[in-house]
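This is final-v3.cif (mmCIF, C-alpha atoms).
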data_protein
#
loop_
_atom_site.label_atom_id
_atom_site.label_comp_id
_atom_site.auth_asym_id
_atom_site.auth_seq_id
_atom_site.Cartn_x
_atom_site.Cartn_y
_atom_site.Cartn_z
CA MET O 199 0.00 0.00 0.00
CA ASN O 200 3.04 2.40 0.04
CA GLN O 201 2.54 3.11 -3.65
CA ILE O 202 -1.18 3.56 -3.13
CA SER O 203 -0.63 5.97 -0.29
CA ARG O 204 1.55 8.07 -2.61
CA PHE O 205 -1.04 7.97 -5.31
CA LEU O 206 -2.98 11.14 -5.81
CA PHE O 207 -5.83 10.21 -8.06
CA PRO O 208 -5.27 12.14 -11.28
CA ALA O 209 -7.30 15.13 -11.98
CA PHE O 210 -11.68 9.94 -17.47
CA ILE O 211 -13.94 9.21 -15.54
CA ALA O 212 -14.63 17.26 -11.98
CA GLY O 213 -18.31 18.11 -11.63
CA LEU O 214 -20.46 16.20 -13.91
CA SER O 215 -21.29 18.78 -16.44
CA LEU O 216 -19.05 19.14 -19.42
CA VAL O 217 -17.79 22.66 -19.81
CA ALA O 218 -16.79 24.73 -22.80
CA CYS O 219 -13.19 25.85 -23.02
CA LYS O 220 -11.16 27.66 -25.68
CA ASN O 221 -8.17 26.26 -27.57
CA ASP O 222 -5.96 29.31 -27.19
CA ALA O 223 -6.82 30.06 -23.57
CA PRO O 224 -6.32 28.16 -20.31
CA VAL O 225 -8.94 25.45 -19.94
CA LYS O 226 -11.83 26.62 -17.83
CA LYS O 227 -12.99 23.65 -15.78
CA THR O 228 -16.44 23.81 -14.27
CA GLU O 229 -18.83 21.09 -13.33
CA THR O 230 -21.46 20.52 -15.96
CA ASN O 231 -24.81 18.86 -15.46
CA ALA O 232 -27.78 18.30 -17.72
CA ALA O 233 -28.68 21.96 -18.34
CA PRO O 234 -27.94 23.13 -21.90
CA ASN O 235 -24.67 25.01 -22.24
CA PRO O 236 -24.98 28.76 -22.90
CA ASP O 237 -22.48 28.33 -25.74
CA THR O 238 -25.04 26.32 -27.72
CA VAL O 239 -28.07 27.31 -29.74
CA ARG O 240 -31.36 25.54 -30.20
CA PHE O 241 -32.07 24.22 -33.68
CA GLU O 242 -34.27 21.77 -35.53
CA PRO O 243 -32.59 18.35 -35.18
CA ALA O 244 -32.54 15.86 -38.00
CA PRO O 245 -34.97 12.94 -37.61
CA ARG O 246 -33.77 9.53 -36.48
CA GLU O 247 -35.77 7.89 -39.23
CA GLY O 248 -33.52 7.07 -42.15
CA ALA O 249 -30.31 7.60 -40.18
CA ALA O 250 -27.16 5.75 -41.27
CA SER O 251 -25.19 3.58 -38.85
CA TYR O 252 -21.53 4.41 -38.16
CA ARG O 253 -19.41 1.82 -36.36
CA VAL O 254 -16.97 3.19 -33.78
CA SER O 255 -13.66 1.87 -35.07
CA SER O 256 -11.24 3.41 -32.56
CA GLY O 257 -11.11 5.83 -29.68
CA THR O 258 -9.54 6.80 -26.38
CA VAL O 259 -10.63 8.69 -23.28
CA TYR O 260 -7.74 10.55 -21.64
CA TRP O 261 -7.91 11.32 -17.91
CA SER O 262 -5.98 13.42 -15.44
CA ALA O 263 -6.41 13.48 -11.66
CA LYS O 264 -4.48 14.54 -8.58
CA ARG O 265 -4.18 14.60 -4.86
CA ALA O 266 -5.28 17.74 -3.01
CA ILE O 267 -1.66 18.16 -1.91
CA GLY O 268 0.78 16.36 -4.13
CA SER O 269 1.29 14.74 -7.49
CA MET O 270 -0.86 14.30 -10.56
CA HIS O 271 -1.30 11.28 -12.79
CA ASN O 272 -2.45 10.99 -16.38
CA GLY O 273 -3.83 8.01 -18.18
CA ALA O 274 -6.07 6.55 -20.85
CA ILE O 275 -9.09 4.27 -21.24
CA PRO O 276 -9.65 2.61 -24.63
CA VAL O 277 -12.98 2.86 -26.40
CA SER O 278 -13.99 -0.74 -27.01
CA GLY O 279 -16.77 -0.14 -29.51
CA GLY O 280 -20.09 1.48 -30.20
CA GLU O 281 -22.42 2.80 -32.85
CA LEU O 282 -23.44 6.32 -33.88
CA MET O 283 -26.48 7.18 -35.97
CA VAL O 284 -26.04 9.99 -38.51
CA ASN O 285 -28.66 11.79 -40.58
CA GLN O 286 -28.31 14.97 -42.65
CA GLY O 287 -24.79 15.51 -41.31
CA GLN O 288 -25.91 15.29 -37.69
CA VAL O 289 -25.38 12.62 -35.05
CA VAL O 290 -28.90 11.77 -33.89
CA GLY O 291 -28.17 8.92 -31.47
CA GLY O 292 -25.68 6.33 -30.40
CA ARG O 293 -23.77 4.51 -27.73
CA ILE O 294 -20.05 4.26 -26.94
CA ALA O 295 -18.46 1.59 -24.71
CA LEU O 296 -15.25 1.94 -22.68
CA ASN O 297 -13.00 -0.93 -21.60
CA MET O 298 -12.44 -0.17 -17.91
CA SER O 299 -10.37 -3.35 -17.51
CA SER O 300 -7.70 -1.70 -19.65
CA ILE O 301 -7.43 1.62 -17.79
CA GLU O 302 -3.82 2.77 -18.04
CA VAL O 303 -1.48 5.20 -16.26
CA THR O 304 0.67 7.00 -18.84
CA ASN O 305 2.97 9.27 -16.81
CA MET O 306 4.96 6.75 -14.74
CA ASP O 307 8.34 5.42 -15.85
CA ASP O 308 8.78 2.84 -13.10
CA LYS O 309 7.07 -0.29 -14.44
CA SER O 310 6.47 -1.80 -11.00
CA GLU O 311 4.89 1.35 -9.59
CA LYS O 312 2.84 1.80 -12.76
CA ALA O 313 1.51 -1.76 -12.50
CA THR O 314 0.67 -1.31 -8.81
CA LEU O 315 -1.27 1.89 -9.43
CA GLU O 316 -3.15 0.43 -12.39
CA SER O 317 -4.07 -2.59 -10.29
CA HIS O 318 -5.42 -0.29 -7.57
CA LEU O 319 -7.52 1.65 -10.08
CA LYS O 320 -9.07 -1.63 -11.17
CA ASP O 321 -9.94 -2.85 -7.67
CA LYS O 322 -12.96 -2.08 -5.48
CA ASP O 323 -11.52 1.20 -4.17
CA PHE O 324 -12.01 2.69 -7.63
CA PHE O 325 -13.63 1.05 -10.66
CA ASP O 326 -14.05 -2.58 -9.53
CA VAL O 327 -13.49 -3.80 -13.08
CA LYS O 328 -14.11 -7.47 -12.30
CA LYS O 329 -17.71 -6.58 -11.53
CA PHE O 330 -18.02 -3.60 -13.88
CA PRO O 331 -15.65 -4.17 -16.83
CA GLU O 332 -17.43 -1.70 -19.09
CA ALA O 333 -18.55 1.92 -18.89
CA THR O 334 -20.91 3.43 -21.46
CA PHE O 335 -22.01 6.75 -22.83
CA GLU O 336 -25.52 6.93 -24.30
CA LEU O 337 -26.15 9.95 -26.50
CA THR O 338 -29.49 11.70 -25.97
CA GLU O 339 -29.12 15.05 -27.77
CA ILE O 340 -26.67 17.13 -29.78
CA LEU O 341 -26.61 20.93 -30.00
CA PRO O 342 -24.60 23.18 -32.34
CA SER O 343 -22.01 25.39 -30.65
CA THR O 344 -21.21 29.07 -31.09
CA GLN O 345 -17.60 28.52 -29.97
CA ALA O 346 -14.53 28.31 -32.18
CA ALA O 347 -12.97 25.49 -30.13
CA PHE O 348 -15.84 23.04 -30.71
CA ASN O 349 -18.79 22.93 -33.09
CA TRP O 350 -21.13 20.61 -31.16
CA VAL O 351 -22.10 19.83 -27.58
CA ILE O 352 -23.11 16.20 -27.13
CA ARG O 353 -25.49 15.49 -24.27
CA GLY O 354 -26.00 12.03 -22.83
CA ASN O 355 -25.74 9.66 -19.90
CA LEU O 356 -22.42 8.27 -18.69
CA THR O 357 -22.70 4.96 -16.84
CA ILE O 358 -19.88 3.79 -14.57
CA LYS O 359 -20.29 1.01 -12.00
CA ASP O 360 -23.99 0.77 -12.96
CA LYS O 361 -24.55 4.40 -11.99
CA SER O 362 -25.75 6.79 -14.72
CA GLN O 363 -25.32 10.55 -14.67
CA PRO O 364 -25.95 13.19 -17.37
CA VAL O 365 -22.95 14.86 -18.99
CA ASN O 366 -22.37 17.40 -21.76
CA ILE O 367 -19.31 16.89 -23.98
CA PRO O 368 -18.04 19.74 -26.19
CA VAL O 369 -16.54 18.28 -29.37
CA ARG O 370 -15.00 19.30 -32.67
CA MET O 371 -16.66 16.86 -35.07
CA SER O 372 -16.46 16.27 -38.81
CA ILE O 373 -18.40 13.83 -40.98
CA ALA O 374 -17.24 13.26 -44.55
CA ASP O 375 -16.72 10.42 -47.03
CA GLY O 376 -18.24 7.82 -44.72
CA LYS O 377 -15.96 8.70 -41.80
CA LEU O 378 -16.74 10.50 -38.55
CA ILE O 379 -14.05 12.05 -36.34
CA ALA O 380 -14.87 13.66 -32.98
CA GLU O 381 -12.37 15.17 -30.58
CA SER O 382 -13.38 16.92 -27.36
CA VAL O 383 -11.88 19.81 -25.50
CA THR O 384 -11.08 19.12 -21.84
CA PHE O 385 -14.11 18.72 -19.60
CA VAL O 386 -14.55 17.61 -16.01
CA ILE O 387 -16.61 15.18 -13.97
CA ASN O 388 -16.99 14.50 -10.25
CA ARG O 389 -16.02 10.88 -9.62
CA THR O 390 -18.13 10.62 -6.44
CA LYS O 391 -21.31 10.84 -8.53
CA TRP O 392 -20.47 7.32 -9.75
CA GLY O 393 -19.58 5.98 -6.32
CA VAL O 394 -15.80 6.31 -6.78
CA ASN O 395 -15.21 7.66 -3.26
CA PHE O 396 -11.75 6.41 -2.25
CA ARG O 397 -9.98 9.14 -0.23
CA SER O 398 -12.59 11.70 -1.17
CA GLY O 399 -12.88 14.83 0.94
CA ILE O 400 -16.56 14.01 1.43
CA LEU O 401 -15.49 11.08 3.60
CA GLY O 402 -13.53 13.26 6.01
CA THR O 403 -10.15 12.08 4.70
CA ALA O 404 -7.15 13.94 6.11
CA LYS O 405 -6.21 16.80 3.79
CA ASP O 406 -2.76 15.44 2.94
CA LYS O 407 -4.35 12.14 1.87
CA VAL O 408 -7.31 13.51 -0.08
CA ILE O 409 -7.61 12.63 -3.76
CA GLU O 410 -9.51 15.35 -5.56
CA ASP O 411 -13.04 14.50 -6.63
CA VAL O 412 -12.61 16.41 -9.87
CA VAL O 413 -11.28 14.40 -12.81
CA SER O 414 -10.37 16.05 -16.13
CA LEU O 415 -11.26 14.17 -19.31
CA SER O 416 -10.89 14.48 -23.04
CA LEU O 417 -11.65 12.01 -25.82
CA LYS O 418 -11.13 11.22 -29.45
CA ILE O 419 -13.14 8.74 -31.47
CA GLU O 420 -13.38 7.66 -35.08
CA ALA O 421 -16.29 5.86 -36.71
CA VAL O 422 -16.92 4.49 -40.18
CA LYS O 423 -20.16 4.13 -42.05
CA ASN O 424 -21.54 0.59 -42.11
#
Render the structure in this file as structure tokens.
Amino acid sequence: MNQISRFLFPAFIAGLSLVACKNDAPVKKTETNAAPNPDTVRFEPAPREGAASYRVSSGTVYWSAKRAIGSMHNGAIPVSGGELMVNQGQVVGGRIALNMSSIEVTNMDDKSEKATLESHLKDKDFFDVKKFPEATFELTEILPSTQAAFNWVIRGNLTIKDKSQPVNIPVRMSIADGKLIAESVTFVINRTKWGVNFRSGILGTAKDKVIEDVVSLSLKIEAVKN
């Protein structure tokens, strides 16, 4: 547990509302919940009827988390699959799956310490991947953005450890020649909303041991038309 006690949970999976941020400015991290983002506009969505299916061919969720006093860790979670429905150049529905069993720490050079931390992330203190090997994001709505850094805000429900919470993800997305590419700006979630409470301040953990509840995320996915 020496390694675990040094671990400050990196700042993928903080408030659970995705927030808009600008490419050329410091990332503004604020919790985002289900309310529409002020950087979006209402519009007439394309119908689901007649939508084409796009298979998610690759993707990664990048995470960053930290201790209240101490170090930060970065990592990645692979996208294991999914399907997006596209009509009239708009995504009108879909589901993306994440392989929690393959969560990785990417900023540690010591292989033994890296393996120990990854093992801890997979156990019951964090994501309990033996019981919950998959996380999912179910898209419910998409809104066009007025911001230069991203052209859409995707709204949906993120499910981790069988707990679902609404999130808004700001993405730069293009659809052309049967290929869809979506890349988000950095957004934040609050891990405690999915029952990931290890060393959270809400449990009265000593300040020098607290792992921040806020986790920073970004993602990139590619999908191809079936």
Carefully work through the PyMOL selection byres ((chain O and resi 322-339) around 8) for this structure and note down the residues it includes, as a PDB file with C-alpha atoms, in the coordinates of the input.
ATOM      1  CA  VAL O 290     -28.900  11.770 -33.890  1.00  0.00           C
ATOM      2  CA  GLY O 291     -28.170   8.920 -31.470  1.00  0.00           C
ATOM      3  CA  GLY O 292     -25.680   6.330 -30.400  1.00  0.00           C
ATOM      4  CA  ARG O 293     -23.770   4.510 -27.730  1.00  0.00           C
ATOM      5  CA  ILE O 294     -20.050   4.260 -26.940  1.00  0.00           C
ATOM      6  CA  ALA O 295     -18.460   1.590 -24.710  1.00  0.00           C
ATOM      7  CA  LEU O 296     -15.250   1.940 -22.680  1.00  0.00           C
ATOM      8  CA  ASN O 297     -13.000  -0.930 -21.600  1.00  0.00           C
ATOM      9  CA  MET O 298     -12.440  -0.170 -17.910  1.00  0.00           C
ATOM     10  CA  SER O 299     -10.370  -3.350 -17.510  1.00  0.00           C
ATOM     11  CA  HIS O 318      -5.420  -0.290  -7.570  1.00  0.00           C
ATOM     12  CA  LEU O 319      -7.520   1.650 -10.080  1.00  0.00           C
ATOM     13  CA  LYS O 320      -9.070  -1.630 -11.170  1.00  0.00           C
ATOM     14  CA  ASP O 321      -9.940  -2.850  -7.670  1.00  0.00           C
ATOM     15  CA  ILE O 340     -26.670  17.130 -29.780  1.00  0.00           C
ATOM     16  CA  LEU O 341     -26.610  20.930 -30.000  1.00  0.00           C
ATOM     17  CA  ILE O 352     -23.110  16.200 -27.130  1.00  0.00           C
ATOM     18  CA  ARG O 353     -25.490  15.490 -24.270  1.00  0.00           C
ATOM     19  CA  GLY O 354     -26.000  12.030 -22.830  1.00  0.00           C
ATOM     20  CA  ASN O 355     -25.740   9.660 -19.900  1.00  0.00           C
ATOM     21  CA  LEU O 356     -22.420   8.270 -18.690  1.00  0.00           C
ATOM     22  CA  THR O 357     -22.700   4.960 -16.840  1.00  0.00           C
ATOM     23  CA  ILE O 358     -19.880   3.790 -14.570  1.00  0.00           C
ATOM     24  CA  LYS O 359     -20.290   1.010 -12.000  1.00  0.00           C
ATOM     25  CA  ASP O 360     -23.990   0.770 -12.960  1.00  0.00           C
ATOM     26  CA  VAL O 394     -15.800   6.310  -6.780  1.00  0.00           C
ATOM     27  CA  ASN O 395     -15.210   7.660  -3.260  1.00  0.00           C
ATOM     28  CA  PHE O 396     -11.750   6.410  -2.250  1.00  0.00           C
TER      29      PHE O 396
END
Item to check | Selection result for the PyMOL selection byres ((chain O and resi 421-423) around 12) on this file, as number ranges by chain | outcome: O: 249-257, 277-285, 289, 292-294, 371-381, 418-420, 424
Write out, as a JSON list (two decimals), in the frame of the given file, the residues just selected, with C-alpha atoms.
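Done, and the output landed in selection-v3.json:
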[["chain", "number", "residue", "atom", "x", "y", "z"],
["O", 249, "ALA", "CA", -30.31, 7.60, -40.18],
["O", 250, "ALA", "CA", -27.16, 5.75, -41.27],
["O", 251, "SER", "CA", -25.19, 3.58, -38.85],
["O", 252, "TYR", "CA", -21.53, 4.41, -38.16],
["O", 253, "ARG", "CA", -19.41, 1.82, -36.36],
["O", 254, "VAL", "CA", -16.97, 3.19, -33.78],
["O", 255, "SER", "CA", -13.66, 1.87, -35.07],
["O", 256, "SER", "CA", -11.24, 3.41, -32.56],
["O", 257, "GLY", "CA", -11.11, 5.83, -29.68],
["O", 277, "VAL", "CA", -12.98, 2.86, -26.40],
["O", 278, "SER", "CA", -13.99, -0.74, -27.01],
["O", 279, "GLY", "CA", -16.77, -0.14, -29.51],
["O", 280, "GLY", "CA", -20.09, 1.48, -30.20],
["O", 281, "GLU", "CA", -22.42, 2.80, -32.85],
["O", 282, "LEU", "CA", -23.44, 6.32, -33.88],
["O", 283, "MET", "CA", -26.48, 7.18, -35.97],
["O", 284, "VAL", "CA", -26.04, 9.99, -38.51],
["O", 285, "ASN", "CA", -28.66, 11.79, -40.58],
["O", 289, "VAL", "CA", -25.38, 12.62, -35.05],
["O", 292, "GLY", "CA", -25.68, 6.33, -30.40],
["O", 293, "ARG", "CA", -23.77, 4.51, -27.73],
["O", 294, "ILE", "CA", -20.05, 4.26, -26.94],
["O", 371, "MET", "CA", -16.66, 16.86, -35.07],
["O", 372, "SER", "CA", -16.46, 16.27, -38.81],
["O", 373, "ILE", "CA", -18.40, 13.83, -40.98],
["O", 374, "ALA", "CA", -17.24, 13.26, -44.55],
["O", 375, "ASP", "CA", -16.72, 10.42, -47.03],
["O", 376, "GLY", "CA", -18.24, 7.82, -44.72],
["O", 377, "LYS", "CA", -15.96, 8.70, -41.80],
["O", 378, "LEU", "CA", -16.74, 10.50, -38.55],
["O", 379, "ILE", "CA", -14.05, 12.05, -36.34],
["O", 380, "ALA", "CA", -14.87, 13.66, -32.98],
["O", 381, "GLU", "CA", -12.37, 15.17, -30.58],
["O", 418, "LYS", "CA", -11.13, 11.22, -29.45],
["O", 419, "ILE", "CA", -13.14, 8.74, -31.47],
["O", 420, "GLU", "CA", -13.38, 7.66, -35.08],
["O", 424, "ASN", "CA", -21.54, 0.59, -42.11]]
Box centre and edge lengths (Å, one decimal), axis-aligned, stretch 342-352 of chain O plus 4 Å each side, as JSON:
{"center_x": -18.8, "center_y": 22.6, "center_z": -30.1, "size_x": 19.6, "size_y": 20.9, "size_z": 14.0}
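Proximity to O:Gly393 was assessed for O:Ser362, O:Gln345, O:Gln286, O:Ser262 counting only C-alpha atoms; the smallest distance is recorded for O:Ser362.
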Item to check | Interatomic distance (Å, one decimal) between atom CA of O:Val386 and atom CA of O:Ala244 | outcome: 28.5 Å
Checklist entry - What does the distance from atom CA of O:Ala263 to atom CA of O:Val413 come to in Å, to one decimal? => result 5.1 Å
Item to check | Distance in Å - atom CA of O:Gly287 versus atom CA of O:Val259 | outcome: 23.9 Å
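Using all atoms listed in the file, the shortest contact distance between O:Ile275 and any of O:Gln288, O:Thr258, O:Ser382, O:Leu315 is found at O:Thr258.
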Next on the checklist: With all atoms listed in the file as the counted atoms, please give the residues lying no more than 7 Å from O:Ala274, apart from itself and same-chain residues fewer than 4 positions off, as a ChimeraX atom specification.
Outcome noted: /O:258-261,301-303
Okay, now the selection with C-alpha atoms, as a PDB file, keeping the file's coordinate frame?
ATOM      1  CA  THR O 258      -9.540   6.800 -26.380  1.00  0.00           C
ATOM      2  CA  VAL O 259     -10.630   8.690 -23.280  1.00  0.00           C
ATOM      3  CA  TYR O 260      -7.740  10.550 -21.640  1.00  0.00           C
ATOM      4  CA  TRP O 261      -7.910  11.320 -17.910  1.00  0.00           C
ATOM      5  CA  ILE O 301      -7.430   1.620 -17.790  1.00  0.00           C
ATOM      6  CA  GLU O 302      -3.820   2.770 -18.040  1.00  0.00           C
ATOM      7  CA  VAL O 303      -1.480   5.200 -16.260  1.00  0.00           C
TER       8      VAL O 303
END
Item to check | the PyMOL selection byres ((chain O and resi 398) around 9) applied to the shown file, residues as a list in words | outcome: Thr390, Val394, Asn395, Phe396, Arg397, Gly399, Ile400, Leu401, Gly402, Thr403, Lys407, Val408, Ile409, Glu410 and Asp411 of chain O
Dump of C-alpha atoms for the selected residues, as a CSV table (one decimal), in the frame of the given file:
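out_4.csv was written with the following content:
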chain,number,residue,atom,x,y,z
O,390,THR,CA,-18.1,10.6,-6.4
O,394,VAL,CA,-15.8,6.3,-6.8
O,395,ASN,CA,-15.2,7.7,-3.3
O,396,PHE,CA,-11.8,6.4,-2.2
O,397,ARG,CA,-10.0,9.1,-0.2
O,399,GLY,CA,-12.9,14.8,0.9
O,400,ILE,CA,-16.6,14.0,1.4
O,401,LEU,CA,-15.5,11.1,3.6
O,402,GLY,CA,-13.5,13.3,6.0
O,403,THR,CA,-10.2,12.1,4.7
O,407,LYS,CA,-4.4,12.1,1.9
O,408,VAL,CA,-7.3,13.5,-0.1
O,409,ILE,CA,-7.6,12.6,-3.8
O,410,GLU,CA,-9.5,15.4,-5.6
O,411,ASP,CA,-13.0,14.5,-6.6
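Proximity of O:Ile267, O:Leu417, O:Met306, O:Val365 to O:Ile387, computed with all atoms listed in the file, is greatest for O:Val365.
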Item to check | Nearest to O:Arg389 by atom-to-atom distance, counting all atoms listed in the file, from O:Arg246, O:Lys312, O:His271, O:Lys361 | outcome: O:Lys361
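Between O:Met270 and the candidates O:Ser416, O:Ser317, O:Thr384, O:Thr304, the tightest atom-to-atom separation, counting only C-alpha atoms, involves O:Thr304.
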